[in-house]
file input_28.cif (mmCIF, C-alpha atoms and all ligand atoms)
data_input
loop_
_atom_site.label_atom_id
_atom_site.label_comp_id
_atom_site.auth_asym_id
_atom_site.auth_seq_id
_atom_site.Cartn_x
_atom_site.Cartn_y
_atom_site.Cartn_z
CA MET A 1 109.69 -12.87 92.86
CA LEU A 2 106.34 -12.36 94.67
CA GLU A 3 103.80 -15.05 94.01
CA VAL A 4 100.32 -14.92 95.48
CA ALA A 5 98.12 -17.96 94.99
CA ASP A 6 94.45 -18.47 95.87
CA LEU A 7 94.57 -15.72 98.48
CA ARG A 8 91.49 -15.30 100.61
CA VAL A 9 90.99 -12.60 103.22
CA ARG A 10 88.06 -12.08 105.55
CA TYR A 11 87.08 -9.44 108.04
CA GLY A 12 85.13 -11.29 110.72
CA ASN A 13 82.67 -13.53 108.87
CA LEU A 14 82.77 -11.54 105.68
CA GLU A 15 85.19 -12.65 102.99
CA VAL A 16 86.32 -9.72 100.83
CA VAL A 17 89.13 -11.34 98.79
CA HIS A 18 87.92 -14.53 97.17
CA GLY A 19 90.90 -16.60 96.14
CA ILE A 20 93.02 -14.39 93.91
CA SER A 21 96.34 -15.20 92.28
CA PHE A 22 98.94 -12.87 90.85
CA ARG A 23 102.66 -12.37 90.64
CA ALA A 24 105.07 -9.46 90.67
CA GLU A 25 108.11 -9.94 88.49
CA LYS A 26 111.53 -8.98 89.76
CA GLY A 27 112.63 -5.48 88.79
CA LYS A 28 109.32 -4.65 87.09
CA VAL A 29 106.20 -2.68 87.95
CA THR A 30 103.07 -4.82 88.29
CA ALA A 31 99.72 -3.12 88.78
CA VAL A 32 96.56 -4.12 90.58
CA LEU A 33 93.68 -2.00 89.29
CA GLY A 34 90.17 -1.63 90.58
CA GLY A 35 87.54 0.74 91.88
CA ASN A 36 86.57 1.67 95.44
CA GLY A 37 86.04 -1.33 97.67
CA ALA A 38 87.43 -3.85 95.17
CA GLY A 39 89.83 -5.16 97.83
CA LYS A 40 93.09 -3.59 96.65
CA THR A 41 94.24 -2.30 100.03
CA THR A 42 93.21 -5.53 101.68
CA VAL A 43 95.38 -7.48 99.26
CA LEU A 44 98.41 -5.29 99.98
CA LYS A 45 97.83 -5.57 103.72
CA ALA A 46 97.59 -9.34 103.46
CA VAL A 47 100.87 -9.50 101.51
CA MET A 48 102.51 -7.29 104.12
CA GLY A 49 101.15 -9.36 107.03
CA LEU A 50 99.00 -6.53 108.37
CA VAL A 51 95.81 -8.56 108.04
CA PRO A 52 95.75 -12.36 108.15
CA ALA A 53 95.04 -14.36 105.01
CA SER A 54 92.45 -17.05 105.63
CA ALA A 55 93.69 -19.23 102.77
CA GLY A 56 96.24 -19.37 99.99
CA SER A 57 99.92 -18.61 99.87
CA VAL A 58 102.15 -15.58 99.54
CA THR A 59 105.72 -16.41 98.63
CA LEU A 60 108.76 -14.26 98.07
CA GLY A 61 111.19 -16.44 96.17
CA ALA A 62 111.23 -19.62 98.26
CA VAL A 63 110.03 -17.95 101.47
CA GLN A 64 106.42 -18.31 102.65
CA LEU A 65 105.21 -14.93 103.92
CA LYS A 66 101.70 -16.02 104.83
CA GLY A 67 101.35 -16.22 108.59
CA LYS A 68 104.32 -14.01 109.30
CA PRO A 69 103.79 -10.76 111.21
CA ALA A 70 104.41 -7.48 109.40
CA HIS A 71 107.73 -6.72 111.10
CA GLU A 72 109.09 -10.05 109.90
CA VAL A 73 107.76 -9.47 106.40
CA ALA A 74 109.48 -6.08 106.48
CA ARG A 75 112.74 -7.71 107.51
CA LEU A 76 112.42 -10.04 104.53
CA GLY A 77 112.51 -7.04 102.20
CA LEU A 78 108.98 -5.70 101.74
CA ALA A 79 107.94 -2.12 102.40
CA MET A 80 104.55 -0.56 101.96
CA CYS A 81 103.65 2.99 101.15
CA PRO A 82 100.13 3.13 102.59
CA GLU A 83 96.92 4.56 101.23
CA GLY A 84 96.61 8.24 102.15
CA ARG A 85 100.41 8.46 102.72
CA GLN A 86 100.21 8.38 106.51
CA VAL A 87 103.34 10.39 107.07
CA PHE A 88 103.94 11.23 110.73
CA PRO A 89 102.50 14.77 110.68
CA GLU A 90 104.21 16.07 113.82
CA MET A 91 107.63 14.87 112.75
CA SER A 92 109.96 16.59 110.34
CA VAL A 93 110.71 15.26 106.87
CA HIS A 94 114.11 14.13 108.15
CA GLU A 95 112.58 12.29 111.12
CA ASN A 96 110.00 10.60 108.89
CA LEU A 97 112.78 9.31 106.67
CA LEU A 98 114.68 7.93 109.65
CA MET A 99 111.51 6.13 110.77
CA GLY A 100 111.61 4.25 107.49
CA ALA A 101 115.00 2.84 108.48
CA TYR A 102 113.97 1.76 111.99
CA LEU A 103 114.72 -1.91 111.33
CA ARG A 104 118.27 -1.18 110.21
CA GLY A 105 121.35 -0.94 112.35
CA ASP A 106 123.86 0.50 109.88
CA PRO A 107 124.12 4.24 110.68
CA SER A 108 126.61 5.14 107.97
CA ALA A 109 124.60 3.35 105.26
CA ILE A 110 121.44 5.03 106.56
CA ARG A 111 123.16 8.42 106.21
CA ALA A 112 124.17 7.55 102.66
CA ASP A 113 120.61 6.50 101.83
CA LEU A 114 119.23 9.72 103.31
CA GLU A 115 121.52 11.61 100.96
CA GLU A 116 120.30 9.46 98.08
CA MET A 117 116.66 10.26 98.94
CA PHE A 118 117.47 13.98 99.02
CA GLN A 119 119.09 13.67 95.61
CA ARG A 120 116.14 11.75 94.23
CA PHE A 121 113.62 14.15 95.78
CA PRO A 122 115.28 17.58 96.00
CA ARG A 123 112.11 19.12 97.38
CA LEU A 124 112.43 16.94 100.46
CA ARG A 125 115.94 18.26 101.05
CA GLU A 126 114.73 21.86 100.92
CA ARG A 127 112.03 20.95 103.42
CA ARG A 128 113.90 18.50 105.59
CA LEU A 129 113.11 20.35 108.83
CA GLN A 130 109.50 21.10 107.92
CA LEU A 131 106.78 19.15 109.76
CA ALA A 132 105.47 16.49 107.42
CA GLY A 133 101.85 17.39 108.14
CA THR A 134 102.41 20.80 106.54
CA LEU A 135 103.70 19.41 103.21
CA SER A 136 101.52 19.51 100.10
CA GLY A 137 99.86 16.28 98.99
CA GLY A 138 102.48 15.69 96.31
CA GLU A 139 105.32 16.33 98.72
CA GLN A 140 103.74 13.98 101.26
CA GLU A 141 103.52 11.27 98.60
CA MET A 142 107.20 11.74 97.73
CA LEU A 143 108.02 11.56 101.45
CA ALA A 144 105.95 8.42 101.93
CA ILE A 145 107.73 6.75 99.01
CA ALA A 146 111.14 7.88 100.24
CA ARG A 147 110.34 6.70 103.77
CA ALA A 148 109.44 3.27 102.42
CA LEU A 149 112.65 3.20 100.37
CA MET A 150 114.70 3.93 103.51
CA ALA A 151 114.00 0.32 104.49
CA ARG A 152 115.89 -0.72 101.32
CA PRO A 153 113.09 -3.02 100.19
CA GLN A 154 113.41 -5.57 97.42
CA LEU A 155 109.67 -5.21 96.90
CA LEU A 156 107.86 -1.91 97.27
CA LEU A 157 104.08 -1.94 97.70
CA LEU A 158 102.41 1.33 96.65
CA ASP A 159 98.77 1.92 97.59
CA GLU A 160 97.23 4.56 95.30
CA PRO A 161 100.12 6.99 95.09
CA SER A 162 98.13 9.23 92.69
CA TRP A 163 95.27 9.65 95.13
CA GLY A 164 94.11 13.26 95.42
CA LEU A 165 96.92 14.72 93.32
CA ALA A 166 96.66 17.15 90.41
CA PRO A 167 97.54 15.64 87.01
CA ILE A 168 100.90 17.40 86.77
CA ILE A 169 101.89 16.07 90.21
CA VAL A 170 100.69 12.59 89.24
CA ASP A 171 103.17 12.78 86.35
CA GLU A 172 105.96 13.66 88.78
CA VAL A 173 105.08 10.78 91.09
CA ALA A 174 104.89 8.43 88.11
CA GLN A 175 108.35 9.52 87.00
CA ALA A 176 109.69 8.87 90.50
CA ILE A 177 108.16 5.37 90.46
CA ARG A 178 109.69 4.71 87.04
CA ASP A 179 113.12 5.81 88.27
CA ILE A 180 112.89 3.61 91.37
CA SER A 181 111.90 0.66 89.24
CA GLN A 182 114.88 1.26 86.98
CA THR A 183 117.23 0.92 89.95
CA GLY A 184 116.00 -2.69 90.28
CA THR A 185 113.37 -2.42 92.99
CA THR A 186 110.33 -4.57 92.27
CA ILE A 187 107.09 -2.63 92.55
CA LEU A 188 103.52 -3.71 93.15
CA LEU A 189 101.35 -0.72 92.35
CA VAL A 190 97.73 -0.49 93.41
CA GLU A 191 95.84 2.22 91.52
CA GLN A 192 92.47 3.52 90.47
CA ASN A 193 94.27 5.77 87.99
CA VAL A 194 94.39 3.14 85.28
CA GLN A 195 96.06 5.36 82.71
CA MET A 196 98.95 6.14 85.05
CA ALA A 197 99.28 2.56 86.21
CA LEU A 198 99.29 1.10 82.69
CA ASP A 199 101.91 3.64 81.63
CA LEU A 200 104.20 2.25 84.34
CA ALA A 201 103.35 -1.42 84.59
CA VAL A 202 104.44 -4.28 82.37
CA TYR A 203 101.54 -6.40 83.54
CA ALA A 204 98.32 -5.68 85.39
CA TYR A 205 95.44 -7.39 87.15
CA VAL A 206 91.94 -5.96 87.35
CA LEU A 207 90.27 -6.59 90.68
CA GLU A 208 86.49 -6.35 91.13
CA THR A 209 84.71 -7.26 94.37
CA GLY A 210 87.59 -9.36 95.56
CA GLU A 211 88.23 -11.29 92.36
CA VAL A 212 90.66 -10.92 89.49
CA VAL A 213 88.36 -10.41 86.50
CA MET A 214 91.04 -9.67 83.94
CA GLN A 215 94.80 -9.64 83.52
CA GLY A 216 97.29 -8.94 80.82
CA SER A 217 100.22 -6.90 79.61
CA ASN A 218 99.79 -3.13 79.67
CA GLU A 219 99.22 -3.15 75.90
CA GLU A 220 96.59 -5.89 76.10
CA LEU A 221 94.67 -4.06 78.81
CA MET A 222 95.04 -0.63 77.22
CA SER A 223 93.45 -1.91 74.02
CA ASN A 224 90.80 -4.03 75.75
CA SER A 225 87.33 -2.59 75.18
CA TYR A 226 86.05 -3.51 78.65
CA VAL A 227 89.00 -1.75 80.31
CA GLN A 228 88.57 1.21 77.98
CA ASN A 229 84.88 1.57 78.82
CA ALA A 230 84.96 0.79 82.51
CA TYR A 231 88.30 2.30 83.53
CA LEU A 232 89.72 4.59 80.88
CA GLY A 233 86.58 6.53 80.01
CA VAL A 234 87.14 5.98 76.29
N1 LIG A 301 88.91 -3.42 108.73
C1 LIG A 301 87.86 -3.79 108.00
N2 LIG A 301 86.79 -4.39 108.57
C2 LIG A 301 85.73 -4.78 107.82
N3 LIG A 301 85.65 -4.62 106.50
C3 LIG A 301 86.68 -4.02 105.87
C4 LIG A 301 87.83 -3.57 106.59
N4 LIG A 301 88.69 -3.02 105.70
C5 LIG A 301 88.10 -3.10 104.51
N5 LIG A 301 86.89 -3.71 104.60
C6 LIG A 301 85.96 -4.01 103.49
O1 LIG A 301 86.66 -4.77 102.53
C7 LIG A 301 86.30 -4.40 101.20
C8 LIG A 301 87.57 -4.05 100.42
O2 LIG A 301 88.14 -2.87 100.99
P1 LIG A 301 89.56 -2.30 100.52
O3 LIG A 301 89.88 -1.17 101.41
O4 LIG A 301 90.51 -3.41 100.44
O5 LIG A 301 89.20 -1.81 99.06
P2 LIG A 301 90.04 -0.90 98.06
O6 LIG A 301 89.99 -1.56 96.73
O7 LIG A 301 91.36 -0.59 98.63
O8 LIG A 301 89.14 0.43 98.00
P3 LIG A 301 89.60 1.97 97.81
O9 LIG A 301 89.94 2.14 96.37
O10 LIG A 301 88.36 2.75 98.19
O11 LIG A 301 90.76 2.22 98.72
C9 LIG A 301 85.32 -3.25 101.34
O12 LIG A 301 84.03 -3.76 101.19
C10 LIG A 301 85.54 -2.75 102.76
O13 LIG A 301 84.37 -2.23 103.32
MG MG A 302 92.29 1.12 99.14
#
call {"tool": "encode", "arguments": {"input": "input_28.cif", "output": "structure tokens"}}
result
Amino acid sequence: MLEVADLRVRYGNLEVVHGISFRAEKGKVTAVLGGNGAGKTTVLKAVMGLVPASAGSVTLGAVQLKGKPAHEVARLGLAMCPEGRQVFPEMSVHENLLMGAYLRGDPSAIRADLEEMFQRFPRLRERRLQLAGTLSGGEQEMLAIARALMARPQLLLLDEPSWGLAPIIVDEVAQAIRDISQTGTTILLVEQNVQMALDLAVYAYVLETGEVVMQGSNEELMSNSYVQNAYLGV
């Protein structure tokens, strides 16, 4: 469904993504793994149209996304859950969720989707009037995911959802991602938590200093000695 080919991204004169290719299969979780500064966020931003790609192509089905601004990419069915959550701290949970639906003009369907989010994340229902900035990290992550889902994306981009969360909360977030995937939403998951990501993903790419250095099925990567040493602490 999403196909990225020979993608290059630069900030000013400095190229940080050096011609990478990957694909995200429809209805599956695909992971992009890598350490700090590898270029993971940059890749997601380039897919979303938040930073320009200097070369390569980004296609969703037959549609070329490269060169399109983020609002158009969003209209075509992509939503991103950004690094660090970036919920609107001074808005309530309810208002944050409505912000996720800002491109839609179908009030009754939006109401139904709100209800669905509250069913999926009961803790958000309990806290629907609470200011988002006062939620715990795990609750903010759930809110950020739910807000992205309110756009009804075909493809959900998740930037380090496990960041800063205790292991038990990481498990909860992972379960939520699994459930969302099982409803048919395609997911591109960026993670430094390789164990979590490989538990969820069918296929993964390892990114180092802006290049894909390895790729394979979750089983292939899990049993790969380089991945075990460098990323799984085995
Ligand atoms: N706006 C920017 N201007 C200049 N350089 C940038 C900018 N954003 C990121 N970079 C650089 O691009 C490289 C890749 O950064 P990026 O944020 O994509 O990495 P990352 O893999 O997401 O890292 P992390 O795991 O720490 O979030 C880094 O060297 C970073 O300093
Ligand atoms: Mg990042």
call {"tool": "closest_atom_pairs", "arguments": {"input": "input_28.cif", "of": "chain A", "to": "ligand LIG 301 (chain A)", "cutoff": "7 Å", "atoms": "all atoms listed in the file", "output": "CSV"}}
result
residue,atom,partner,partner_atom,distance
A:Tyr11,CA,A:LIG301,C2,4.9
A:Val16,CA,A:LIG301,O1,5.2
A:Gly34,CA,A:LIG301,O6,6.2
A:Gly35,CA,A:LIG301,O9,5.3
A:Asn36,CA,A:LIG301,O10,3.5
A:Gly37,CA,A:LIG301,O5,3.5
A:Ala38,CA,A:LIG301,O6,3.8
A:Gly39,CA,A:LIG301,O4,3.2
A:Lys40,CA,A:LIG301,O6,3.7
A:Thr41,CA,A:LIG301,O7,3.6
A:Thr42,CA,A:LIG301,O4,3.6
A:Val43,CA,A:LIG301,O4,6.5
A:Gln192,CA,A:LIG301,O9,6.6
call {"tool": "write_last_selection", "arguments": {"input": "input_28.cif", "atoms": "C-alpha atoms", "output": "tab-separated table (two decimals), in the coordinates of the input"}}
result
chain	number	residue	atom	x	y	z
A	11	TYR	CA	87.08	-9.44	108.04
A	16	VAL	CA	86.32	-9.72	100.83
A	34	GLY	CA	90.17	-1.63	90.58
A	35	GLY	CA	87.54	0.74	91.88
A	36	ASN	CA	86.57	1.67	95.44
A	37	GLY	CA	86.04	-1.33	97.67
A	38	ALA	CA	87.43	-3.85	95.17
A	39	GLY	CA	89.83	-5.16	97.83
A	40	LYS	CA	93.09	-3.59	96.65
A	41	THR	CA	94.24	-2.30	100.03
A	42	THR	CA	93.21	-5.53	101.68
A	43	VAL	CA	95.38	-7.48	99.26
A	192	GLN	CA	92.47	3.52	90.47
call {"tool": "closest_residue", "arguments": {"input": "input_28.cif", "among": "A:His94, A:Arg85, A:Arg127, A:Arg152", "to": "Thr183 in chain A", "atoms": "all atoms listed in the file"}}
result
A:Arg152
call {"tool": "residues_around", "arguments": {"input": "input_28.cif", "residues": "Ala101 in chain A", "least_positions_apart": "6", "cutoff": "9 Å", "atoms": "only C-alpha atoms", "output": "ChimeraX atom specification"}}
result
/A:110,147-152
call {"tool": "write_last_selection", "arguments": {"input": "input_28.cif", "atoms": "C-alpha atoms", "output": "PDB file, in the frame of the given file"}}
result
ATOM      1  CA  ILE A 110     121.440   5.030 106.560  1.00  0.00           C
ATOM      2  CA  ARG A 147     110.340   6.700 103.770  1.00  0.00           C
ATOM      3  CA  ALA A 148     109.440   3.270 102.420  1.00  0.00           C
ATOM      4  CA  LEU A 149     112.650   3.200 100.370  1.00  0.00           C
ATOM      5  CA  MET A 150     114.700   3.930 103.510  1.00  0.00           C
ATOM      6  CA  ALA A 151     114.000   0.320 104.490  1.00  0.00           C
ATOM      7  CA  ARG A 152     115.890  -0.720 101.320  1.00  0.00           C
TER       8      ARG A 152
END
call {"tool": "residues_around", "arguments": {"input": "input_28.cif", "residues": "Ala144 in chain A", "least_positions_apart": "5", "cutoff": "12 Å", "atoms": "all atoms listed in the file", "output": "PDB file with C-alpha atoms, in the coordinates of the input"}}
result
ATOM      1  CA  ALA A  79     107.940  -2.120 102.400  1.00  0.00           C
ATOM      2  CA  MET A  80     104.550  -0.560 101.960  1.00  0.00           C
ATOM      3  CA  CYS A  81     103.650   2.990 101.150  1.00  0.00           C
ATOM      4  CA  PRO A  82     100.130   3.130 102.590  1.00  0.00           C
ATOM      5  CA  GLU A  83      96.920   4.560 101.230  1.00  0.00           C
ATOM      6  CA  GLY A  84      96.610   8.240 102.150  1.00  0.00           C
ATOM      7  CA  ARG A  85     100.410   8.460 102.720  1.00  0.00           C
ATOM      8  CA  GLN A  86     100.210   8.380 106.510  1.00  0.00           C
ATOM      9  CA  VAL A  87     103.340  10.390 107.070  1.00  0.00           C
ATOM     10  CA  PHE A  88     103.940  11.230 110.730  1.00  0.00           C
ATOM     11  CA  PRO A  89     102.500  14.770 110.680  1.00  0.00           C
ATOM     12  CA  VAL A  93     110.710  15.260 106.870  1.00  0.00           C
ATOM     13  CA  HIS A  94     114.110  14.130 108.150  1.00  0.00           C
ATOM     14  CA  GLU A  95     112.580  12.290 111.120  1.00  0.00           C
ATOM     15  CA  ASN A  96     110.000  10.600 108.890  1.00  0.00           C
ATOM     16  CA  LEU A  97     112.780   9.310 106.670  1.00  0.00           C
ATOM     17  CA  LEU A  98     114.680   7.930 109.650  1.00  0.00           C
ATOM     18  CA  MET A  99     111.510   6.130 110.770  1.00  0.00           C
ATOM     19  CA  GLY A 100     111.610   4.250 107.490  1.00  0.00           C
ATOM     20  CA  MET A 117     116.660  10.260  98.940  1.00  0.00           C
ATOM     21  CA  PHE A 121     113.620  14.150  95.780  1.00  0.00           C
ATOM     22  CA  LEU A 124     112.430  16.940 100.460  1.00  0.00           C
ATOM     23  CA  ALA A 132     105.470  16.490 107.420  1.00  0.00           C
ATOM     24  CA  GLY A 133     101.850  17.390 108.140  1.00  0.00           C
ATOM     25  CA  LEU A 135     103.700  19.410 103.210  1.00  0.00           C
ATOM     26  CA  GLY A 137      99.860  16.280  98.990  1.00  0.00           C
ATOM     27  CA  GLY A 138     102.480  15.690  96.310  1.00  0.00           C
ATOM     28  CA  GLU A 139     105.320  16.330  98.720  1.00  0.00           C
ATOM     29  CA  LEU A 149     112.650   3.200 100.370  1.00  0.00           C
ATOM     30  CA  MET A 150     114.700   3.930 103.510  1.00  0.00           C
ATOM     31  CA  ALA A 151     114.000   0.320 104.490  1.00  0.00           C
ATOM     32  CA  LEU A 156     107.860  -1.910  97.270  1.00  0.00           C
ATOM     33  CA  LEU A 157     104.080  -1.940  97.700  1.00  0.00           C
ATOM     34  CA  LEU A 158     102.410   1.330  96.650  1.00  0.00           C
ATOM     35  CA  ASP A 159      98.770   1.920  97.590  1.00  0.00           C
ATOM     36  CA  GLU A 160      97.230   4.560  95.300  1.00  0.00           C
ATOM     37  CA  PRO A 161     100.120   6.990  95.090  1.00  0.00           C
ATOM     38  CA  VAL A 173     105.080  10.780  91.090  1.00  0.00           C
TER      39      VAL A 173
END
call {"tool": "closest_residue", "arguments": {"input": "input_28.cif", "among": "A:Glu115, A:Glu191, A:Glu72, A:Glu15", "to": "ligand MG 302 (chain A)", "atoms": "only C-alpha atoms and all ligand atoms"}}
result
A:Glu191
call {"tool": "atom_distance", "arguments": {"input": "input_28.cif", "atom1": "CA of Gly164 in chain A", "atom2": "CA of Arg125 in chain A"}}
result
23.1 Å
call {"tool": "residues_around", "arguments": {"input": "input_28.cif", "residues": "Arg75 in chain A", "least_positions_apart": "2", "cutoff": "9 Å", "atoms": "all atoms listed in the file", "output": "PyMOL selection string"}}
result
chain A and resi 70-73+77-79+103-104+151+153
call {"tool": "closest_residue", "arguments": {"input": "input_28.cif", "among": "A:Asp106, A:Asp179, A:Glu25, A:Asp6", "to": "Gln154 in chain A", "atoms": "only C-alpha atoms"}}
result
A:Glu25
call {"tool": "atom_distance", "arguments": {"input": "input_28.cif", "atom1": "CA of Ala55 in chain A", "atom2": "CA of Asn218 in chain A"}}
result
28.8 Å
call {"tool": "atom_distance", "arguments": {"input": "input_28.cif", "atom1": "CA of Leu60 in chain A", "atom2": "CA of Val194 in chain A"}}
result
25.9 Å
call {"tool": "closest_residue", "arguments": {"input": "input_28.cif", "among": "A:Leu207, A:Ser181, A:Ser54, A:Asn13", "to": "ligand MG 302 (chain A)", "atoms": "all atoms listed in the file"}}
result
A:Leu207
call {"tool": "closest_residue", "arguments": {"input": "input_28.cif", "among": "A:Arg128, A:Lys45, A:Arg111, A:Arg120", "to": "ligand MG 302 (chain A)", "atoms": "only C-alpha atoms and all ligand atoms"}}
result
A:Lys45
call {"tool": "closest_residue", "arguments": {"input": "input_28.cif", "among": "A:Asp199, A:Pro69, A:Phe22, A:Ser162", "to": "ligand MG 302 (chain A)", "atoms": "only C-alpha atoms and all ligand atoms"}}
result
A:Ser162
call {"tool": "residues_near_point", "arguments": {"input": "input_28.cif", "point": "(104.1, -16.7, 105.4)", "cutoff": "12 Å", "atoms": "only C-alpha atoms", "output": "PyMOL selection string"}}
result
chain A and resi 2-4+7+46-70+72-74+76
call {"tool": "write_last_selection", "arguments": {"input": "input_28.cif", "atoms": "C-alpha atoms", "output": "JSON list (two decimals), keeping the file's coordinate frame"}}
result
[["chain", "number", "residue", "atom", "x", "y", "z"],
["A", 2, "LEU", "CA", 106.34, -12.36, 94.67],
["A", 3, "GLU", "CA", 103.80, -15.05, 94.01],
["A", 4, "VAL", "CA", 100.32, -14.92, 95.48],
["A", 7, "LEU", "CA", 94.57, -15.72, 98.48],
["A", 46, "ALA", "CA", 97.59, -9.34, 103.46],
["A", 47, "VAL", "CA", 100.87, -9.50, 101.51],
["A", 48, "MET", "CA", 102.51, -7.29, 104.12],
["A", 49, "GLY", "CA", 101.15, -9.36, 107.03],
["A", 50, "LEU", "CA", 99.00, -6.53, 108.37],
["A", 51, "VAL", "CA", 95.81, -8.56, 108.04],
["A", 52, "PRO", "CA", 95.75, -12.36, 108.15],
["A", 53, "ALA", "CA", 95.04, -14.36, 105.01],
["A", 54, "SER", "CA", 92.45, -17.05, 105.63],
["A", 55, "ALA", "CA", 93.69, -19.23, 102.77],
["A", 56, "GLY", "CA", 96.24, -19.37, 99.99],
["A", 57, "SER", "CA", 99.92, -18.61, 99.87],
["A", 58, "VAL", "CA", 102.15, -15.58, 99.54],
["A", 59, "THR", "CA", 105.72, -16.41, 98.63],
["A", 60, "LEU", "CA", 108.76, -14.26, 98.07],
["A", 61, "GLY", "CA", 111.19, -16.44, 96.17],
["A", 62, "ALA", "CA", 111.23, -19.62, 98.26],
["A", 63, "VAL", "CA", 110.03, -17.95, 101.47],
["A", 64, "GLN", "CA", 106.42, -18.31, 102.65],
["A", 65, "LEU", "CA", 105.21, -14.93, 103.92],
["A", 66, "LYS", "CA", 101.70, -16.02, 104.83],
["A", 67, "GLY", "CA", 101.35, -16.22, 108.59],
["A", 68, "LYS", "CA", 104.32, -14.01, 109.30],
["A", 69, "PRO", "CA", 103.79, -10.76, 111.21],
["A", 70, "ALA", "CA", 104.41, -7.48, 109.40],
["A", 72, "GLU", "CA", 109.09, -10.05, 109.90],
["A", 73, "VAL", "CA", 107.76, -9.47, 106.40],
["A", 74, "ALA", "CA", 109.48, -6.08, 106.48],
["A", 76, "LEU", "CA", 112.42, -10.04, 104.53]]
call {"tool": "residues_near_point", "arguments": {"input": "input_28.cif", "point": "(110.8, -5.6, 85.1)", "cutoff": "10 Å", "atoms": "all atoms listed in the file", "output": "list in words"}}
result
Ala24, Glu25, Lys26, Gly27, Lys28, Val29, Thr30, Ser181, Gln182, Gly184, Thr185, Thr186, Ile187, Ala201, Val202 and Tyr203 of chain A
call {"tool": "decode", "arguments": {"input": "input_28.cif", "residues": "range 39-44 of chain A", "atoms": "all heavy atoms", "output": "PDB file, in the first residue's frame"}}
result
ATOM      1  N   GLY A  39      17.340   8.840  11.844  1.00  0.00           N
ATOM      2  CA  GLY A  39      16.537   9.440  10.765  1.00  0.00           C
ATOM      3  C   GLY A  39      15.102   8.963  10.739  1.00  0.00           C
ATOM      4  O   GLY A  39      14.367   9.250   9.780  1.00  0.00           O
ATOM      5  N   LYS A  40      14.674   8.276  11.779  1.00  0.00           N
ATOM      6  CA  LYS A  40      13.328   7.676  11.800  1.00  0.00           C
ATOM      7  C   LYS A  40      12.224   8.731  11.704  1.00  0.00           C
ATOM      8  O   LYS A  40      11.301   8.614  10.893  1.00  0.00           O
ATOM      9  CB  LYS A  40      13.132   6.848  13.087  1.00  0.00           C
ATOM     10  CG  LYS A  40      14.199   5.795  13.306  1.00  0.00           C
ATOM     11  CD  LYS A  40      13.984   5.009  14.593  1.00  0.00           C
ATOM     12  CE  LYS A  40      13.980   5.824  15.870  1.00  0.00           C
ATOM     13  NZ  LYS A  40      15.261   6.524  16.157  1.00  0.00           N
ATOM     14  N   THR A  41      12.325   9.748  12.560  1.00  0.00           N
ATOM     15  CA  THR A  41      11.297  10.796  12.551  1.00  0.00           C
ATOM     16  C   THR A  41      11.298  11.545  11.220  1.00  0.00           C
ATOM     17  O   THR A  41      10.235  11.855  10.660  1.00  0.00           O
ATOM     18  CB  THR A  41      11.541  11.775  13.719  1.00  0.00           C
ATOM     19  OG1 THR A  41      11.383  11.054  14.940  1.00  0.00           O
ATOM     20  CG2 THR A  41      10.560  12.941  13.698  1.00  0.00           C
ATOM     21  N   THR A  42      12.490  11.782  10.715  1.00  0.00           N
ATOM     22  CA  THR A  42      12.606  12.471   9.426  1.00  0.00           C
ATOM     23  C   THR A  42      11.899  11.691   8.327  1.00  0.00           C
ATOM     24  O   THR A  42      11.202  12.274   7.485  1.00  0.00           O
ATOM     25  CB  THR A  42      14.103  12.659   9.082  1.00  0.00           C
ATOM     26  OG1 THR A  42      14.711  13.438  10.117  1.00  0.00           O
ATOM     27  CG2 THR A  42      14.283  13.350   7.738  1.00  0.00           C
ATOM     28  N   VAL A  43      12.049  10.374   8.344  1.00  0.00           N
ATOM     29  CA  VAL A  43      11.393   9.543   7.335  1.00  0.00           C
ATOM     30  C   VAL A  43       9.871   9.669   7.456  1.00  0.00           C
ATOM     31  O   VAL A  43       9.169   9.865   6.447  1.00  0.00           O
ATOM     32  CB  VAL A  43      11.835   8.064   7.477  1.00  0.00           C
ATOM     33  CG1 VAL A  43      10.956   7.148   6.654  1.00  0.00           C
ATOM     34  CG2 VAL A  43      13.296   7.916   7.084  1.00  0.00           C
ATOM     35  N   LEU A  44       9.360   9.586   8.676  1.00  0.00           N
ATOM     36  CA  LEU A  44       7.905   9.717   8.852  1.00  0.00           C
ATOM     37  C   LEU A  44       7.422  11.090   8.398  1.00  0.00           C
ATOM     38  O   LEU A  44       6.389  11.212   7.738  1.00  0.00           O
ATOM     39  CB  LEU A  44       7.507   9.504  10.320  1.00  0.00           C
ATOM     40  CG  LEU A  44       7.547   8.086  10.864  1.00  0.00           C
ATOM     41  CD1 LEU A  44       6.871   8.041  12.236  1.00  0.00           C
ATOM     42  CD2 LEU A  44       6.881   7.087   9.927  1.00  0.00           C
TER      43      LEU A  44
END
